[in-house]
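To start, the structure itself, in structure tokens.
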Amino acid sequence: MLPLVPLFAAVFVALLAGALVTHFRDEATRMSDVRLTLAHLGAQANRLDGLEWRAISEGRVDVEGSNETQRVISRARTEIASLGSTADGDLGASFERYVDALEREYALLSPSRPRPAAAREVDEQEVDPAFARLRRQLSATAGRLSREARSIDSRAATTSRLILAGATLAVIALLILFYRKRQQALAGTVRQEELERRVRLTDDLARQREHDANHDELTGLANRRHFLHCLDEEVAVALKRGFRMAVLVIDLNQFKEINDTLGHQAGDEVLQMVGPRLQGALRDRDVLTRIGGDEFALVVGSGSLLDADTVCGLAERIADALDRPFDFHGLALQVGASIGIAICPDHGRDGETLVRHADVAMYRAKAERTSHLLYAPERDATSRAKLELGAELRSALEDDRLTVHYQPKADLKTGAVRSVEALVRWAHPIRGLVPPDEFLPIAEQLGLMPRLTETVLDKAISQCAGWRADGLDLSVAVNLSQTNLADDTLPATVADLLGKHRLPADRLRLEITETLIMADPAHASRIIAALSALGTTLSLDDFGTGYSSLSYLKRLNVQEIKIDRSFIKNIDTDEGDATIVRSTVELARNLDLHVVAEGVETQAAWELLCSYGCHQAQGYYISPPLPPDDFRIWLANRPGRAAMTPKEQFAIPRDHITPQR
């Protein structure tokens, strides 16, 4: 059923159109009658004029002419009266003046009047001027009425077009409303089905997203997020009911060797085989998860009969399952595992403590080369020392007690130093100089690495800017960690520090390793691309020790590679190392990459690298890492004669350098 408002609107338009059409038709008819009357009046005037000329020409008015004149005058007066207000008010008056003049003239032309006297008086009656005025009045009235008629015709045409357009629009609107009503009626039967389909699709997407958020993409196992959630739930149940539950941390033993030998794809396939291999050894309530890399974790559900022997038996079954070779395209791969066990409430009453203790037990099992170990407090001395060192490191960061030393990189052809590597140092007030290998992993574990890296970047960029202000055009390299490559704010931090110290971006080199990239390749690539967009130089550190070097040289926007020191230290005695280094330098030069050799400690290594075409060298043969002031002294006192051997060029009096602790 059509809506009432559009229907009433259509009826109103139709009625209005009819009224307007009738009005304009009546106006047109009236104007036509008026114009016809004016035409008749003009004809009557012409008839009177003809009769008057005949009387003058004959010099008399006969009875027939007089009667005809009276009849014409009577008809003219009738027609003037019929015009009413349509004619100008002066038209009737002009006609009457003309009739008066005409009658006087006729009276003079009476047969009883003498002819000479009559002729003279006839001329005095001014019939012709009166007739001329009458004709002008008729012409003016006819012109005005013609204009009015044209105006009426124009309004009628415009109104007709508007009415036609309005009627057309009304019809179109009615058709549209009818069509929409029909479509709604047709769609009403399927709208509910579509709504239900969309609800199902939304539910499916929500379930898929929930699944993706809680499962590892590579293995399909639960991920760390789901592991922590299940762990918290099981701990709560165990504490509430007085039961026990357990956490097992499982680390694959020979996984790195598989990656290094067969490549990353082989490692991925082995990881995908772990879950199905272990399912037969687990209970229904146990939750197996991959928490990162080659590390897995197992939440053993709470139960009244769960004890240390039961959990250790489960760990033995897991170890036996992983000891069986994995079939990789016909090749039997031996993996094995080290398993750490922590039981609630014996070894902790919260998830975080249990995981940490299971992790400690796993590392002890790996060190003791046994398949599994139950957590024991007496084995946790190392962990407590690490916790103490971590607390002291946090305090050192807050008090700005970390320093940065700089190790130069020298051009192998000229010996010129154009760049340095910034290396963080921690001079502990009691422990002395703490090696970076001890405190950097702790910083990574405690989440201090972003702050530590920002501290090193700030100091290094500030120092490099200061050198530039003093006329030393050097670039500085800073190492990035795995946490840094997962930090979306890192590019903005680097940009802010470069702007703060007004150092050109190309004076900063950021060193990354393949191992860091492989932790999360997609995310790391986005961070690297953002850093490259700033204009910084990117260097691939420890080149040759990873498992996908060539592929990442193609994919990553790096400008420099650093050959790992493990290939350099025996380059003059090990032909295999020499071949690897020579081939690497040739590959890099063909790819238009800058090559730096790390760990150069002998004259022989220097000369071989120079003969291979390597660009720069870095190592104790040139200089150890130096504090900023000692580096300035070293650089100022370094002889620059090309005839000197590299050893002579880089040697300076040792009393100018602060001893390295």
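Order determines the names: the first chain of the structure tokens is A, the second B, and so forth; residues in each chain are numbered 1 upward, and ligands are numbered 1 upward as they are shown.
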
Item to check | Contact residues around stretch 524-533 of chain A with only C-alpha atoms at 10 Å, ignoring same-chain residues under 4 positions, as a PyMOL selection string | outcome: chain A and resi 482-492+494-495+505-506+510+512+516-520+537-538+552+555-559

Item to check | Residue neighbourhood A:Ala45, 9 Å, only C-alpha atoms, exclusion window fewer than 3 positions, as a count of residues only | outcome: 13

Item to check | Spatial neighbours of A:Phe227, 9 Å, only C-alpha atoms, chain gap at least 6 places, as an NGL selection string | outcome: :A and (214 or 287-291 or 297-299)

Generate the output file for the selected residues, C-alpha atoms, as a PDB file, in the first residue's frame.
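Here's the written file out00.pdb:
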```pdb
ATOM      1  CA  ASN A 214      46.235 -18.269  21.853  1.00  0.00           C
ATOM      2  CA  VAL A 287      48.488 -28.357  28.124  1.00  0.00           C
ATOM      3  CA  LEU A 288      51.515 -28.416  25.797  1.00  0.00           C
ATOM      4  CA  THR A 289      52.680 -25.017  24.533  1.00  0.00           C
ATOM      5  CA  ARG A 290      55.471 -23.503  22.494  1.00  0.00           C
ATOM      6  CA  ILE A 291      56.736 -20.488  24.420  1.00  0.00           C
ATOM      7  CA  ALA A 297      56.331 -25.764  28.272  1.00  0.00           C
ATOM      8  CA  LEU A 298      53.820 -28.159  29.780  1.00  0.00           C
ATOM      9  CA  VAL A 299      51.141 -27.391  32.368  1.00  0.00           C
TER      10      VAL A 299
END
```

Item to check | Separation of atom CA of A:Val478 from atom CA of A:Asp592 in Å | outcome: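 Atom-to-atom, atom CA of A:Asp592 and atom CA of A:Val478 are spaced 22.1 Å apart.
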
Next on the checklist: So that I can check the surroundings of stretch 67-70 of chain A, please list as a list of chain:residue names every protein, DNA and RNA residue that reaches within 12 Å of it, counting only C-alpha atoms and ignoring chain neighbours fewer than 3 positions away.
Outcome noted: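 Residues meeting the cut-off are A:Gln44, A:Ala45, A:Asn46, A:Arg47, A:Leu48, A:Asp49, A:Gly50, A:Leu51, A:Glu52, A:Trp53, A:Arg54, A:Ala55, A:Val61, A:Asp62, A:Val63, A:Glu64, A:Ile73, A:Ser74, A:Arg75, A:Ala76, A:Arg77, A:Val99, A:Leu102, A:Glu103, A:Tyr106.
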
Prev. selection, N, CA, C and O atoms, output as an mmCIF file, in the first residue's frame:
```
data_model
loop_
_atom_site.group_PDB
_atom_site.id
_atom_site.type_symbol
_atom_site.label_atom_id
_atom_site.label_comp_id
_atom_site.auth_asym_id
_atom_site.auth_seq_id
_atom_site.Cartn_x
_atom_site.Cartn_y
_atom_site.Cartn_z
ATOM 1 N N GLN A 44 -15.939 49.322 -37.631
ATOM 2 C CA GLN A 44 -17.035 50.285 -37.541
ATOM 3 C C GLN A 44 -16.511 51.705 -37.734
ATOM 4 O O GLN A 44 -17.141 52.538 -38.414
ATOM 5 N N ALA A 45 -15.363 51.981 -37.096
ATOM 6 C CA ALA A 45 -14.791 53.321 -37.257
ATOM 7 C C ALA A 45 -14.464 53.584 -38.722
ATOM 8 O O ALA A 45 -14.704 54.681 -39.251
ATOM 9 N N ASN A 46 -13.887 52.587 -39.382
ATOM 10 C CA ASN A 46 -13.563 52.749 -40.806
ATOM 11 C C ASN A 46 -14.847 52.940 -41.627
ATOM 12 O O ASN A 46 -14.869 53.706 -42.603
ATOM 13 N N ARG A 47 -15.899 52.257 -41.199
ATOM 14 C CA ARG A 47 -17.175 52.409 -41.929
ATOM 15 C C ARG A 47 -17.722 53.817 -41.771
ATOM 16 O O ARG A 47 -18.184 54.426 -42.758
ATOM 17 N N LEU A 48 -17.651 54.368 -40.550
ATOM 18 C CA LEU A 48 -18.106 55.737 -40.320
ATOM 19 C C LEU A 48 -17.283 56.719 -41.132
ATOM 20 O O LEU A 48 -17.816 57.709 -41.698
ATOM 21 N N ASP A 49 -15.983 56.458 -41.175
ATOM 22 C CA ASP A 49 -15.105 57.361 -41.934
ATOM 23 C C ASP A 49 -15.465 57.318 -43.412
ATOM 24 O O ASP A 49 -15.466 58.352 -44.110
ATOM 25 N N GLY A 50 -15.797 56.125 -43.909
ATOM 26 C CA GLY A 50 -16.183 56.003 -45.321
ATOM 27 C C GLY A 50 -17.479 56.738 -45.604
ATOM 28 O O GLY A 50 -17.617 57.415 -46.645
ATOM 29 N N LEU A 51 -18.436 56.583 -44.694
ATOM 30 C CA LEU A 51 -19.713 57.277 -44.893
ATOM 31 C C LEU A 51 -19.502 58.782 -44.838
ATOM 32 O O LEU A 51 -20.142 59.543 -45.591
ATOM 33 N N GLU A 52 -18.613 59.244 -43.957
ATOM 34 C CA GLU A 52 -18.380 60.686 -43.813
ATOM 35 C C GLU A 52 -17.745 61.223 -45.087
ATOM 36 O O GLU A 52 -18.116 62.316 -45.573
ATOM 37 N N TRP A 53 -16.811 60.516 -45.694
ATOM 38 C CA TRP A 53 -16.149 60.975 -46.919
ATOM 39 C C TRP A 53 -17.144 60.980 -48.093
ATOM 40 O O TRP A 53 -17.088 61.863 -48.970
ATOM 41 N N ARG A 54 -18.033 60.027 -48.092
ATOM 42 C CA ARG A 54 -19.023 60.035 -49.177
ATOM 43 C C ARG A 54 -19.943 61.250 -49.056
ATOM 44 O O ARG A 54 -20.279 61.911 -50.045
ATOM 45 N N ALA A 55 -20.368 61.575 -47.789
ATOM 46 C CA ALA A 55 -21.249 62.738 -47.592
ATOM 47 C C ALA A 55 -20.537 64.009 -47.997
ATOM 48 O O ALA A 55 -21.123 64.907 -48.623
ATOM 49 N N VAL A 61 -26.081 64.959 -47.052
ATOM 50 C CA VAL A 61 -26.320 63.691 -46.369
ATOM 51 C C VAL A 61 -27.728 63.261 -46.714
ATOM 52 O O VAL A 61 -28.696 63.935 -46.350
ATOM 53 N N ASP A 62 -27.812 62.120 -47.455
ATOM 54 C CA ASP A 62 -29.141 61.642 -47.786
ATOM 55 C C ASP A 62 -29.682 60.811 -46.630
ATOM 56 O O ASP A 62 -28.980 60.514 -45.660
ATOM 57 N N VAL A 63 -30.927 60.455 -46.776
ATOM 58 C CA VAL A 63 -31.601 59.735 -45.676
ATOM 59 C C VAL A 63 -30.973 58.375 -45.467
ATOM 60 O O VAL A 63 -30.732 57.944 -44.341
ATOM 61 N N GLU A 64 -30.621 57.696 -46.550
ATOM 62 C CA GLU A 64 -30.022 56.351 -46.415
ATOM 63 C C GLU A 64 -28.682 56.432 -45.708
ATOM 64 O O GLU A 64 -28.372 55.637 -44.828
ATOM 65 N N ILE A 73 -22.955 53.680 -35.618
ATOM 66 C CA ILE A 73 -22.646 54.288 -34.312
ATOM 67 C C ILE A 73 -23.237 53.452 -33.194
ATOM 68 O O ILE A 73 -22.593 53.207 -32.154
ATOM 69 N N SER A 74 -24.448 52.949 -33.371
ATOM 70 C CA SER A 74 -25.100 52.156 -32.329
ATOM 71 C C SER A 74 -24.303 50.871 -32.060
ATOM 72 O O SER A 74 -24.070 50.479 -30.914
ATOM 73 N N ARG A 75 -23.894 50.195 -33.190
ATOM 74 C CA ARG A 75 -23.113 48.951 -33.004
ATOM 75 C C ARG A 75 -21.779 49.231 -32.319
ATOM 76 O O ARG A 75 -21.323 48.472 -31.464
ATOM 77 N N ALA A 76 -21.129 50.339 -32.674
ATOM 78 C CA ALA A 76 -19.828 50.669 -32.082
ATOM 79 C C ALA A 76 -19.965 50.929 -30.587
ATOM 80 O O ALA A 76 -19.127 50.494 -29.782
ATOM 81 N N ARG A 77 -21.045 51.650 -30.217
ATOM 82 C CA ARG A 77 -21.238 51.921 -28.787
ATOM 83 C C ARG A 77 -21.472 50.608 -28.012
ATOM 84 O O ARG A 77 -20.998 50.431 -26.883
ATOM 85 N N VAL A 99 -18.007 61.088 -32.701
ATOM 86 C CA VAL A 99 -19.424 61.053 -33.121
ATOM 87 C C VAL A 99 -20.036 62.465 -33.067
ATOM 88 O O VAL A 99 -20.779 62.869 -33.976
ATOM 89 N N LEU A 102 -18.855 64.323 -35.971
ATOM 90 C CA LEU A 102 -19.477 63.777 -37.173
ATOM 91 C C LEU A 102 -20.927 64.253 -37.281
ATOM 92 O O LEU A 102 -21.409 64.651 -38.385
ATOM 93 N N GLU A 103 -21.644 64.265 -36.198
ATOM 94 C CA GLU A 103 -23.047 64.695 -36.241
ATOM 95 C C GLU A 103 -23.151 66.179 -36.577
ATOM 96 O O GLU A 103 -24.052 66.609 -37.308
ATOM 97 N N TYR A 106 -22.621 66.426 -40.187
ATOM 98 C CA TYR A 106 -23.792 65.987 -40.949
ATOM 99 C C TYR A 106 -24.913 67.036 -40.907
ATOM 100 O O TYR A 106 -25.675 67.223 -41.868
#
```

Item to check | strand (DSSP E) per DSSP on the backbone: members of stretch 350-555 of chain A, as an NGL selection string | outcome: :A and (372-374 or 402-411 or 417-428 or 432-434 or 475-479 or 508-513 or 537-543)

Item to check | For atom CA of A:Val596 and atom CA of A:Ala422, the interatomic separation in Å (one decimal) | outcome: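 Value for the atom CA of A:Val596-atom CA of A:Ala422 distance: 15.2 Å.
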
Neighbouring residues of stretch 432-438 of chain A were defined as those with any atom within 10 Å, considering only C-alpha atoms; residues of the same chain fewer than 5 positions away were excluded. Please report them as a CSV table (one decimal) with N, CA and C atoms, in the first residue's frame.
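Heads up, here's the output in around37.csv:
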```
chain,number,residue,atom,x,y,z
A,386,LYS,N,72.1,-13.8,39.8
A,386,LYS,CA,71.7,-13.1,38.6
A,386,LYS,C,70.6,-12.1,39.0
A,389,LEU,N,72.4,-9.2,40.6
A,389,LEU,CA,73.1,-8.4,39.6
A,389,LEU,C,72.1,-7.6,38.8
A,423,LEU,N,80.7,0.5,22.6
A,423,LEU,CA,80.5,-0.7,23.4
A,423,LEU,C,80.3,-0.3,24.9
A,424,VAL,N,79.1,-0.8,25.5
A,424,VAL,CA,78.8,-0.4,26.8
A,424,VAL,C,79.7,-1.1,27.8
A,425,ARG,N,80.0,-0.3,28.9
A,425,ARG,CA,80.8,-0.9,30.0
A,425,ARG,C,80.2,-0.5,31.3
A,426,TRP,N,80.3,-1.5,32.3
A,426,TRP,CA,79.7,-1.3,33.6
A,426,TRP,C,80.9,-1.5,34.6
A,427,ALA,N,81.3,-0.4,35.2
A,427,ALA,CA,82.3,-0.5,36.3
A,427,ALA,C,81.6,-0.6,37.6
A,443,ALA,N,69.9,-7.9,31.4
A,443,ALA,CA,69.1,-6.8,31.0
A,443,ALA,C,68.0,-7.2,30.0
A,660,GLN,N,92.9,-1.0,30.7
A,660,GLN,CA,91.6,-1.7,30.6
A,660,GLN,C,91.5,-2.7,31.7
A,661,ARG,N,90.4,-2.6,32.4
A,661,ARG,CA,90.2,-3.6,33.5
A,661,ARG,C,89.5,-4.8,33.1
```

Checklist entry - Counting only C-alpha atoms, what is within 6 Å of A:Ala365, bar same-chain residues fewer than 6 positions away, as a list in words? => result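 Once the nearby chain positions are removed, what remains is Ser338, His372 and Leu373 of chain A.
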
Let me see the file: selected residues, N, CA, C and O atoms, as a JSON list (two decimals), in the first residue's frame.
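The resulting again_29.json:
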```json
[["chain", "number", "residue", "atom", "x", "y", "z"],
["A", 338, "SER", "N", 66.22, -31.24, 27.22],
["A", 338, "SER", "CA", 66.51, -31.02, 28.63],
["A", 338, "SER", "C", 65.24, -30.47, 29.26],
["A", 338, "SER", "O", 64.67, -29.49, 28.76],
["A", 372, "HIS", "N", 66.21, -34.77, 32.61],
["A", 372, "HIS", "CA", 65.27, -33.95, 33.38],
["A", 372, "HIS", "C", 65.78, -33.79, 34.80],
["A", 372, "HIS", "O", 66.53, -34.63, 35.32],
["A", 373, "LEU", "N", 65.36, -32.70, 35.44],
["A", 373, "LEU", "CA", 65.71, -32.44, 36.82],
["A", 373, "LEU", "C", 64.55, -31.75, 37.51],
["A", 373, "LEU", "O", 63.86, -30.90, 36.91]]
```

Checklist entry - Hey, can you check how far atom CA of A:Arg317 sits from atom CA of A:Ala222? => result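 The value is 20.5 Å.
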
Next on the checklist: Need to verify the contact set: A:Arg502, 10 Å, only C-alpha atoms, exclusion of same-chain residues closer than 6 positions in sequence. Can you return it as a list in words?
Outcome noted: Ile461, Ser462, Ala465, Gly466 and Asp496 of chain A

Pull C-alpha atoms from the residues just selected and write them as a PDB file, in the first residue's frame.
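Below is the file that was written, result_31.pdb:
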```pdb
ATOM      1  CA  ILE A 461      75.272  10.100  19.381  1.00  0.00           C
ATOM      2  CA  SER A 462      76.183  12.924  21.762  1.00  0.00           C
ATOM      3  CA  ALA A 465      78.243  15.092  17.549  1.00  0.00           C
ATOM      4  CA  GLY A 466      80.908  16.501  19.885  1.00  0.00           C
ATOM      5  CA  ASP A 496      64.536  12.124  18.563  1.00  0.00           C
TER       6      ASP A 496
END
```

Next on the checklist: With distances taken over only C-alpha atoms, which residue among A:Asp327, A:Arg285, A:Gln265, A:Gln445 lies nearest A:Ala391?
Outcome noted: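 Counting only C-alpha atoms, the residue closest to A:Ala391 is A:Gln445.
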